[in-house]
Structures are given as structure tokens and as C-alpha cells.
$ cat target.csv   # CSV, C-alpha atoms
chain,number,residue,atom,x,y,z
A,1,MET,CA,154.7,47.9,65.1
A,2,VAL,CA,157.0,46.9,62.4
A,3,PRO,CA,158.9,49.9,60.9
A,4,VAL,CA,157.7,51.0,57.5
A,5,SER,CA,161.1,50.3,56.0
A,6,TYR,CA,160.5,46.6,56.5
A,7,TYR,CA,157.3,46.8,54.3
A,8,LEU,CA,159.2,48.8,51.7
A,9,THR,CA,162.1,46.4,51.7
A,10,LEU,CA,159.7,43.5,51.1
A,11,SER,CA,158.1,45.4,48.3
A,12,ALA,CA,161.5,46.2,46.7
A,13,ILE,CA,162.5,42.5,46.8
A,14,MET,CA,159.2,41.4,45.3
A,15,PHE,CA,159.5,43.9,42.5
A,16,THR,CA,163.0,42.7,41.7
A,17,VAL,CA,161.9,39.1,41.7
A,18,GLY,CA,159.2,40.1,39.2
A,19,VAL,CA,161.6,42.0,37.0
A,20,VAL,CA,164.1,39.0,36.9
A,21,GLY,CA,161.1,36.8,36.1
A,22,VAL,CA,160.1,38.9,33.1
A,23,VAL,CA,163.6,38.9,31.8
A,24,VAL,CA,164.4,35.2,32.2
A,25,ARG,CA,161.2,33.3,31.5
A,26,ARG,CA,160.2,32.6,27.9
A,27,ASN,CA,156.6,31.5,28.4
A,28,SER,CA,154.2,34.5,27.8
A,29,ILE,CA,151.8,33.5,30.5
A,30,VAL,CA,154.6,33.3,33.1
A,31,VAL,CA,155.8,36.7,32.0
A,32,PHE,CA,152.3,38.0,32.5
A,33,MET,CA,152.3,36.5,36.0
A,34,CYS,CA,155.6,38.2,36.9
A,35,ILE,CA,154.0,41.5,35.8
A,36,GLU,CA,151.2,40.9,38.3
A,37,LEU,CA,153.9,40.2,40.9
A,38,MET,CA,155.4,43.6,40.2
A,39,LEU,CA,152.0,45.3,40.5
A,40,ASN,CA,151.5,43.6,43.8
A,41,ALA,CA,154.8,44.9,45.1
A,42,VAL,CA,153.8,48.4,44.3
A,43,ASN,CA,150.3,47.9,45.9
A,44,LEU,CA,152.1,46.8,49.1
A,45,SER,CA,154.2,50.0,49.1
A,46,PHE,CA,151.1,52.2,48.6
A,47,VAL,CA,149.2,50.5,51.5
A,48,ALA,CA,152.2,50.5,53.9
A,49,LEU,CA,152.9,54.2,53.3
A,50,SER,CA,149.2,55.1,53.5
A,51,HIS,CA,149.0,53.4,56.9
A,52,TYR,CA,152.1,55.1,58.2
A,53,LEU,CA,151.1,58.6,56.9
A,54,GLY,CA,147.6,58.3,58.1
A,55,ASN,CA,146.2,59.2,54.7
A,56,LEU,CA,143.7,57.1,52.8
A,57,ASN,CA,144.6,58.3,49.3
A,58,GLY,CA,147.2,55.6,49.0
A,59,GLN,CA,144.5,53.0,49.3
A,60,ILE,CA,142.4,54.7,46.7
A,61,ALA,CA,145.4,54.5,44.4
A,62,VAL,CA,145.6,50.7,45.1
A,63,PHE,CA,142.0,50.4,44.1
A,64,PHE,CA,142.7,52.0,40.7
A,65,VAL,CA,145.8,49.8,40.2
A,66,MET,CA,143.6,46.8,40.8
A,67,VAL,CA,141.1,48.0,38.2
A,68,VAL,CA,143.8,48.5,35.6
A,69,ALA,CA,145.3,45.2,36.4
A,70,ALA,CA,142.0,43.4,35.9
A,71,ALA,CA,141.5,45.2,32.5
A,72,GLU,CA,145.1,44.4,31.5
A,73,ALA,CA,144.6,40.7,32.5
A,74,ALA,CA,141.5,40.4,30.2
A,75,VAL,CA,143.1,42.0,27.2
A,76,GLY,CA,146.6,40.4,27.7
A,77,LEU,CA,145.2,36.9,27.9
A,78,ALA,CA,143.1,37.6,24.8
A,79,ILE,CA,146.3,38.6,23.0
A,80,ILE,CA,148.0,35.4,24.2
A,81,ILE,CA,145.1,33.3,22.9
A,82,SER,CA,145.4,35.0,19.5
A,83,MET,CA,149.1,34.4,19.5
A,84,PHE,CA,148.6,30.7,20.3
A,85,ARG,CA,146.1,30.4,17.5
A,86,ALA,CA,148.5,31.9,15.0
A,87,MET,CA,151.7,30.2,16.1
A,88,LYS,CA,150.6,27.2,18.1
A,89,SER,CA,153.0,28.2,20.8
A,90,VAL,CA,153.2,30.9,23.5
A,91,GLU,CA,157.0,31.2,23.6
A,92,THR,CA,158.3,34.7,23.3
A,93,SER,CA,161.2,33.6,21.1
A,94,ASN,CA,158.8,32.4,18.4
A,95,ALA,CA,157.1,35.8,18.1
A,96,ASP,CA,159.9,37.4,16.0
A,97,GLN,CA,158.0,38.6,12.9
A,98,LEU,CA,155.7,41.5,12.7
A,99,ASN,CA,153.3,40.2,10.0
A,100,GLY,CA,152.4,36.5,10.6
B,101,MET,CA,152.0,41.2,66.5
B,102,GLU,CA,155.3,41.4,64.7
B,103,ILE,CA,155.6,37.6,64.3
B,104,ALA,CA,152.6,37.7,61.9
B,105,PHE,CA,154.5,40.1,59.6
B,106,PHE,CA,157.6,37.9,59.5
B,107,ILE,CA,155.7,34.7,58.8
B,108,MET,CA,153.7,36.4,56.0
B,109,ALA,CA,156.9,38.0,54.6
B,110,LEU,CA,158.6,34.7,54.5
B,111,ILE,CA,155.6,33.1,52.6
B,112,ILE,CA,155.6,36.0,50.2
B,113,LEU,CA,159.3,35.7,49.4
B,114,VAL,CA,159.2,31.9,49.0
B,115,SER,CA,156.1,32.0,46.8
B,116,GLY,CA,157.6,34.8,44.7
B,117,ILE,CA,160.7,32.8,44.0
B,118,GLY,CA,158.5,29.8,43.3
B,119,VAL,CA,156.7,31.7,40.5
B,120,ILE,CA,159.8,32.4,38.6
B,121,VAL,CA,161.6,29.1,39.2
B,122,SER,CA,158.8,26.6,38.5
B,123,HIS,CA,159.1,24.7,35.2
B,124,ASN,CA,155.4,24.0,34.9
B,125,PRO,CA,153.4,27.2,34.4
B,126,ILE,CA,150.5,25.8,36.4
B,127,HIS,CA,152.8,25.5,39.4
B,128,SER,CA,153.8,29.2,38.8
B,129,ALA,CA,150.1,30.2,38.8
B,130,LEU,CA,149.5,28.3,42.1
B,131,TRP,CA,152.5,29.9,43.7
B,132,LEU,CA,151.2,33.3,42.6
B,133,VAL,CA,147.8,32.6,44.2
B,134,ALA,CA,149.6,31.9,47.5
B,135,ASN,CA,151.5,35.1,47.1
B,136,LEU,CA,148.4,37.2,46.4
B,137,LEU,CA,146.5,35.7,49.4
B,138,THR,CA,149.4,36.4,51.7
B,139,VAL,CA,149.7,40.0,50.5
B,140,ALA,CA,145.9,40.3,51.3
B,141,GLY,CA,146.9,39.2,54.8
B,142,LEU,CA,149.5,41.9,54.9
B,143,PHE,CA,146.9,44.5,53.8
B,144,ALA,CA,144.7,43.3,56.7
B,145,ASN,CA,147.6,43.8,59.0
B,146,LEU,CA,147.9,47.4,57.8
B,147,ASP,CA,144.2,48.1,58.6
B,148,ALA,CA,143.3,48.2,55.0
B,149,HIS,CA,140.2,46.0,55.4
B,150,PHE,CA,138.5,46.8,52.1
B,151,LEU,CA,141.6,46.3,50.1
B,152,ALA,CA,142.4,43.0,51.7
B,153,VAL,CA,139.0,41.6,50.7
B,154,ALA,CA,139.1,43.2,47.3
B,155,GLN,CA,142.6,41.7,46.7
B,156,MET,CA,141.3,38.2,47.5
B,157,ILE,CA,138.1,38.6,45.4
B,158,VAL,CA,139.6,40.4,42.4
B,159,TYR,CA,143.2,39.3,42.1
B,160,ALA,CA,143.2,35.8,43.5
B,161,GLY,CA,139.6,35.0,42.7
B,162,ALA,CA,139.1,36.5,39.3
B,163,ILE,CA,142.4,37.3,37.6
B,164,MET,CA,144.2,34.1,38.6
B,165,VAL,CA,141.2,32.0,37.8
B,166,LEU,CA,141.2,33.5,34.3
B,167,VAL,CA,145.0,32.8,34.0
B,168,LEU,CA,144.4,29.2,35.0
B,169,PHE,CA,141.6,28.9,32.5
B,170,VAL,CA,143.8,30.1,29.7
B,171,LEU,CA,146.7,27.8,30.9
B,172,MET,CA,144.4,24.7,30.9
B,173,LEU,CA,142.8,25.7,27.6
B,174,LEU,CA,146.1,26.0,25.8
B,175,ASN,CA,147.4,22.7,27.3
B,176,LEU,CA,151.0,23.5,27.0
B,177,LYS,CA,152.7,20.4,28.3
B,178,THR,CA,153.4,18.7,25.1
B,179,GLU,CA,156.8,20.1,24.4
B,180,ARG,CA,159.5,21.3,26.8
B,181,PRO,CA,160.0,25.0,26.2
B,182,SER,CA,163.5,26.3,25.8
B,183,SER,CA,164.6,28.6,28.6
B,184,ALA,CA,167.3,31.3,28.7
B,185,SER,CA,170.9,30.1,28.9
B,186,VAL,CA,172.4,29.7,32.3
B,187,MET,CA,174.6,32.7,31.7
B,188,ALA,CA,171.6,34.9,31.0
B,189,LYS,CA,169.9,33.7,34.2
B,190,VAL,CA,173.1,34.4,36.3
B,191,VAL,CA,173.4,37.9,34.8
B,192,ALA,CA,169.8,38.7,35.4
B,193,ALA,CA,169.9,37.5,39.0
B,194,GLY,CA,173.2,39.5,39.4
B,195,PHE,CA,171.5,42.7,38.3
B,196,GLY,CA,168.6,42.1,40.6
B,197,ILE,CA,170.9,41.6,43.6
B,198,ALA,CA,172.9,44.7,42.7
B,199,PHE,CA,169.7,46.8,42.5
B,200,LEU,CA,168.6,45.5,45.9
B,201,TRP,CA,172.0,46.1,47.3
B,202,MET,CA,171.7,49.8,46.4
B,203,ILE,CA,168.0,50.3,47.2
B,204,VAL,CA,167.5,48.5,50.5
B,205,PRO,CA,170.0,50.6,52.6
B,206,LEU,CA,168.6,53.7,51.0
B,207,LEU,CA,165.0,52.8,52.0
B,208,ASN,CA,166.1,51.9,55.5
B,209,ARG,CA,168.0,55.2,55.9
B,210,SER,CA,165.3,57.4,54.4
B,211,PHE,CA,162.4,56.1,56.4
B,212,GLU,CA,164.0,55.4,59.8
B,213,VAL,CA,162.5,58.4,61.4
B,214,PHE,CA,159.0,57.3,60.5
B,215,GLU,CA,157.0,56.0,63.5
B,216,GLY,CA,153.5,54.7,63.1
B,217,PRO,CA,150.8,57.2,63.9
B,218,ALA,CA,149.1,57.0,67.2
B,219,VAL,CA,145.9,55.6,65.7
B,220,GLY,CA,146.2,54.0,62.3
B,221,VAL,CA,143.7,55.1,59.7
B,222,GLN,CA,141.1,52.5,59.2
B,223,GLY,CA,140.6,51.6,55.6
B,224,THR,CA,137.0,50.4,56.1
B,225,VAL,CA,134.5,50.3,53.3
B,226,LYS,CA,132.8,53.4,54.7
B,227,GLU,CA,135.9,55.5,54.6
B,228,ILE,CA,137.0,54.4,51.2
B,229,GLY,CA,133.5,54.9,49.9
B,230,LYS,CA,133.4,58.4,51.2
B,231,LEU,CA,136.7,59.3,49.5
B,232,LEU,CA,135.8,57.5,46.2
B,233,TYR,CA,132.5,59.2,45.8
B,234,THR,CA,133.5,62.7,46.7
B,235,LYS,CA,137.2,63.4,46.0
B,236,HIS,CA,137.9,60.7,43.4
B,237,ILE,CA,134.6,60.6,41.6
B,238,PHE,CA,136.0,61.3,38.2
B,239,PRO,CA,138.6,58.5,38.1
B,240,PHE,CA,136.0,56.2,39.5
B,241,GLU,CA,133.6,56.9,36.6
B,242,PHE,CA,136.4,56.7,34.1
B,243,ALA,CA,137.5,53.3,35.5
B,244,SER,CA,134.1,52.0,34.4
B,245,ILE,CA,134.7,53.2,30.9
B,246,LEU,CA,138.2,51.6,31.0
B,247,ILE,CA,136.7,48.2,32.0
B,248,MET,CA,134.1,48.4,29.2
B,249,ALA,CA,136.9,49.1,26.7
B,250,ALA,CA,138.8,46.1,28.0
B,251,ILE,CA,135.7,43.9,27.6
B,252,VAL,CA,135.1,45.0,24.1
B,253,GLY,CA,138.8,44.6,23.2
B,254,ALA,CA,139.0,41.1,24.7
B,255,VAL,CA,135.9,39.9,22.8
B,256,MET,CA,137.1,41.4,19.5
B,257,LEU,CA,140.5,39.7,19.9
B,258,SER,CA,139.0,36.3,20.6
B,259,LYS,CA,136.8,36.1,17.6
B,260,LYS,CA,137.9,33.5,15.1
B,261,LYS,CA,137.2,35.4,11.9
B,262,TYR,CA,137.6,39.1,11.7
B,263,ARG,CA,134.4,40.4,10.1
B,264,GLN,CA,133.9,44.1,9.3
$ encode --input "target.csv" --output "C-alpha cells"
Amino acid sequence: MVPVSYYLTLSAIMFTVGVVGVVVRRNSIVVFMCIELMLNAVNLSFVALSHYLGNLNGQIAVFFVMVVAAAEAAVGLAIIISMFRAMKSVETSNADQLNG
Amino acid sequence: MEIAFFIMALIILVSGIGVIVSHNPIHSALWLVANLLTVAGLFANLDAHFLAVAQMIVYAGAIMVLVLFVLMLLNLKTERPSSASVMAKVVAAGFGIAFLWMIVPLLNRSFEVFEGPAVGVQGTVKEIGKLLYTKHIFPFEFASILIMAAIVGAVMLSKKKYRQ
């Protein structure tokens, strides 16, 4: 069996890649995809530790993280569509005014 | 059995970097689909059978399809978007590497006494269902209210004219 620290290291690297993506990219949809990458890294941590501790509650937590991610995807993409309708662009550097 | 982990870990790393590096957002979405499917494979490797299938159906099959729909609806390839300056990218990558430099040895040291249990817990549909409906019944019901709120919110946000 692979030691659990290998899974946790992979999860940490994926989380860091997601954070760097959120900071660097300017397209809103790619930022959203990097957020999903971060959520996946945390899911991997939960499942790996659930397996190595013999406890199924970690997998229940992953179930609820997936539910929240699906709800966030629907609402976030609706916001991005509204942003595109108002500004004709999805770049984050164009969204610099609160009213308009 | 360990070779499966290393192959899948390599695919996950390569596709993760592909998401943040691709110029075309549709390429980023496709790299993310590969990432999600390979993470589902890792879930199956960890005896989380229900979660492996749920990850494929919900994440790769519903969320990413929705993202691709929105990407193709918006049709963004007309102009070349500006990206952060090279200095910003180098600083961000430097912070990421510094964070990993601190965290990874800490993880390896804290968890090196963990061995796998004699028999791994099987995350089958039956076991997860038993837990969900007895111990976690309240969050389970609340999740349905959350999804309904998300549906109403998404429909309200997409209407063209806001009518009272």
C-alpha cells in the first residue's frame, strides 16, 4: 500500500496549483475551474484519510462537498453569464466598478 | 498495485498544470475533465466505490458539461485576453513553491507512523447509505434545500429583465 503521506502530498500540490491559478488567470471561468481544482484536492485528502483511519465519515464529508460544489457551479456560472451580458467580457480586470 | 497510484498521480499533476497554463479556456476545461476522471480513479483505488462513480457522474459529467456549455455560449475567442505580467506569474509560482516546501516535509513527518488498516473500509453504496440516513440525516435533508435555493438563484440571475 502507498503511505498516506503520498496522497496528502499530491493533494497539497493540487491545492497549490489551484491557488496559483486563481491568482494568475484573468478569465472568470478559468478562475472558477481552479476553484474546482482546489475542492478536488481537499476531497482527495478526505478520502485518503478516511481509508487509512477506517472511518467512513470522511467519505460522507466528500459527498456534501460535492453537493455544495454543484450548487456553487450553477450559481457562479449564472453570475458569469450576467457579467457577460453587462460588460461583454468575462475578464476580472474589467469588473472594477460596483454599480454598472 | 502501487504503479497504478504513480501513473494516476502523474496524470493528475500534468492535467492540473495544464488547466492553469492553457491559453484557450476550452483547453483548460478539457484538462480539468481529465483531472476529475483520474481523481475518480484514485477514489476507486482507496475503496471509495460510491464516491468514484459520484465524482464521474456529478463532477465530470454535470459540472464540467455546464462549464463547457457556458464557455461555448459566450464564444470568447474574438479577442486575446490580457494576462498578468510575467513578474506577477513568477511571484505567484514562487509563493506556491515556498508553501509546498514548508508543507510537504511536515506532512511526511506527521503521517509516517500511519500504516494502512488490516482491512480497508469499503465505501460501498450500502455503507454510505446506512450512514447518510441514520447519523447524517439532517445535513442530507438540508442539502436538498440548498440545491433548491441554488436552482432558484440561478434562474433568477439568468432572467433578462428583472420583474417584481
$ residues_around --input "target.csv" --residues "Ala41 of chain A" --least-positions-apart "5" --cutoff "12 Å" --atoms "all atoms listed in the file" --output "VMD selection string"
(chain A and resid 7 to 19 34 to 36 46 to 48 62 65) or (chain B and resid 109 112 to 113 116 135 to 136 139 to 140 142 to 143)
$ atom_distance --input "target.csv" --atom1 "atom CA of Val133 of chain B" --atom2 "atom CA of Met256 of chain B"
28.3 Å
$ interface_residues --input "target.csv" --of "chain A" --to "chain B" --cutoff "7 Å" --atoms "only C-alpha atoms" --output "ChimeraX atom specification"
/A:1-3,5,9,13-14,16-17,20-21,24-26,30,47-48,51-52,54-56,67,70-71,73-75,78-79,82
$ residues_around --input "target.csv" --residues "Asn27 of chain A" --least-positions-apart "6" --cutoff "7 Å" --atoms "only C-alpha atoms" --output "list in words"
Val90, Glu91 and Thr92 of chain A
$ axis_aligned_box --input "target.csv" --around "segment 55-64 of chain A" --padding-each-side "8 Å" --output "JSON"
{"center_x": 144.6, "center_y": 54.8, "center_z": 47.7, "size_x": 21.2, "size_y": 24.8, "size_z": 30.0}
$ atom_distance --input "target.csv" --atom1 "atom CA of Leu37 of chain A" --atom2 "atom CA of Leu98 of chain A"
28.3 Å
$ atom_distance --input "target.csv" --atom1 "atom CA of Met172 of chain B" --atom2 "atom CA of Ile111 of chain B"
25.8 Å
$ closest_residue --input "target.csv" --among "A:Phe64, A:Ser50, A:Ser45, A:Ile29" --to "Phe84 of chain A" --atoms "only C-alpha atoms"
A:Ile29
$ closest_residue --input "target.csv" --among "B:Ile237, B:Met202, B:Ile245, B:Val225" --to "Val153 of chain B" --atoms "all atoms listed in the file"
B:Val225
$ build_atoms --input "target.csv" --residues "segment 160-179 of chain B" --atoms "N, CA, C and O atoms" --output "CSV table (one decimal), keeping the file's coordinate frame"
chain,number,residue,atom,x,y,z
B,160,ALA,N,143.1,37.2,43.4
B,160,ALA,CA,143.2,35.8,43.5
B,160,ALA,C,142.0,35.1,43.0
B,160,ALA,O,142.1,33.9,42.6
B,161,GLY,N,140.8,35.7,43.1
B,161,GLY,CA,139.6,35.0,42.7
B,161,GLY,C,139.2,35.2,41.3
B,161,GLY,O,138.4,34.4,40.8
B,162,ALA,N,139.6,36.3,40.6
B,162,ALA,CA,139.1,36.5,39.3
B,162,ALA,C,140.3,36.4,38.3
B,162,ALA,O,140.2,35.7,37.3
B,163,ILE,N,141.3,37.2,38.5
B,163,ILE,CA,142.4,37.3,37.6
B,163,ILE,C,143.2,36.0,37.5
B,163,ILE,O,143.5,35.4,36.4
B,164,MET,N,143.5,35.4,38.6
B,164,MET,CA,144.2,34.1,38.6
B,164,MET,C,143.4,33.0,38.1
B,164,MET,O,143.9,32.0,37.5
B,165,VAL,N,142.1,33.0,38.3
B,165,VAL,CA,141.2,32.0,37.8
B,165,VAL,C,141.2,32.1,36.3
B,165,VAL,O,141.3,31.1,35.5
B,166,LEU,N,141.2,33.3,35.8
B,166,LEU,CA,141.2,33.5,34.3
B,166,LEU,C,142.6,33.0,33.7
B,166,LEU,O,142.6,32.4,32.7
B,167,VAL,N,143.7,33.3,34.4
B,167,VAL,CA,145.0,32.8,34.0
B,167,VAL,C,145.0,31.3,34.0
B,167,VAL,O,145.5,30.7,33.0
B,168,LEU,N,144.4,30.7,35.0
B,168,LEU,CA,144.4,29.2,35.0
B,168,LEU,C,143.5,28.6,33.9
B,168,LEU,O,143.8,27.6,33.3
B,169,PHE,N,142.4,29.3,33.6
B,169,PHE,CA,141.6,28.9,32.5
B,169,PHE,C,142.4,28.8,31.2
B,169,PHE,O,142.3,27.9,30.5
B,170,VAL,N,143.1,30.0,31.0
B,170,VAL,CA,143.8,30.1,29.7
B,170,VAL,C,144.9,29.0,29.7
B,170,VAL,O,145.1,28.4,28.7
B,171,LEU,N,145.6,28.8,30.8
B,171,LEU,CA,146.7,27.8,30.9
B,171,LEU,C,146.1,26.4,30.5
B,171,LEU,O,146.7,25.6,29.8
B,172,MET,N,145.0,26.1,31.1
B,172,MET,CA,144.4,24.7,30.9
B,172,MET,C,143.8,24.6,29.5
B,172,MET,O,143.8,23.5,29.0
B,173,LEU,N,143.3,25.7,28.9
B,173,LEU,CA,142.8,25.7,27.6
B,173,LEU,C,143.9,25.4,26.6
B,173,LEU,O,143.7,24.7,25.7
B,174,LEU,N,145.0,26.1,26.8
B,174,LEU,CA,146.1,26.0,25.8
B,174,LEU,C,146.8,24.6,26.0
B,174,LEU,O,147.4,24.2,25.0
B,175,ASN,N,146.9,24.1,27.2
B,175,ASN,CA,147.4,22.7,27.3
B,175,ASN,C,148.8,22.5,26.8
B,175,ASN,O,149.1,21.8,25.9
B,176,LEU,N,149.7,23.3,27.5
B,176,LEU,CA,151.0,23.5,27.0
B,176,LEU,C,152.0,22.4,27.3
B,176,LEU,O,153.2,22.6,27.0
B,177,LYS,N,151.6,21.3,27.8
B,177,LYS,CA,152.7,20.4,28.3
B,177,LYS,C,153.3,19.5,27.3
B,177,LYS,O,154.0,18.6,27.7
B,178,THR,N,153.0,19.6,26.1
B,178,THR,CA,153.4,18.7,25.1
B,178,THR,C,154.9,18.8,24.8
B,178,THR,O,155.6,17.8,24.8
B,179,GLU,N,155.4,20.0,24.7
B,179,GLU,CA,156.8,20.1,24.4
B,179,GLU,C,157.5,20.8,25.6
B,179,GLU,O,156.9,21.6,26.3
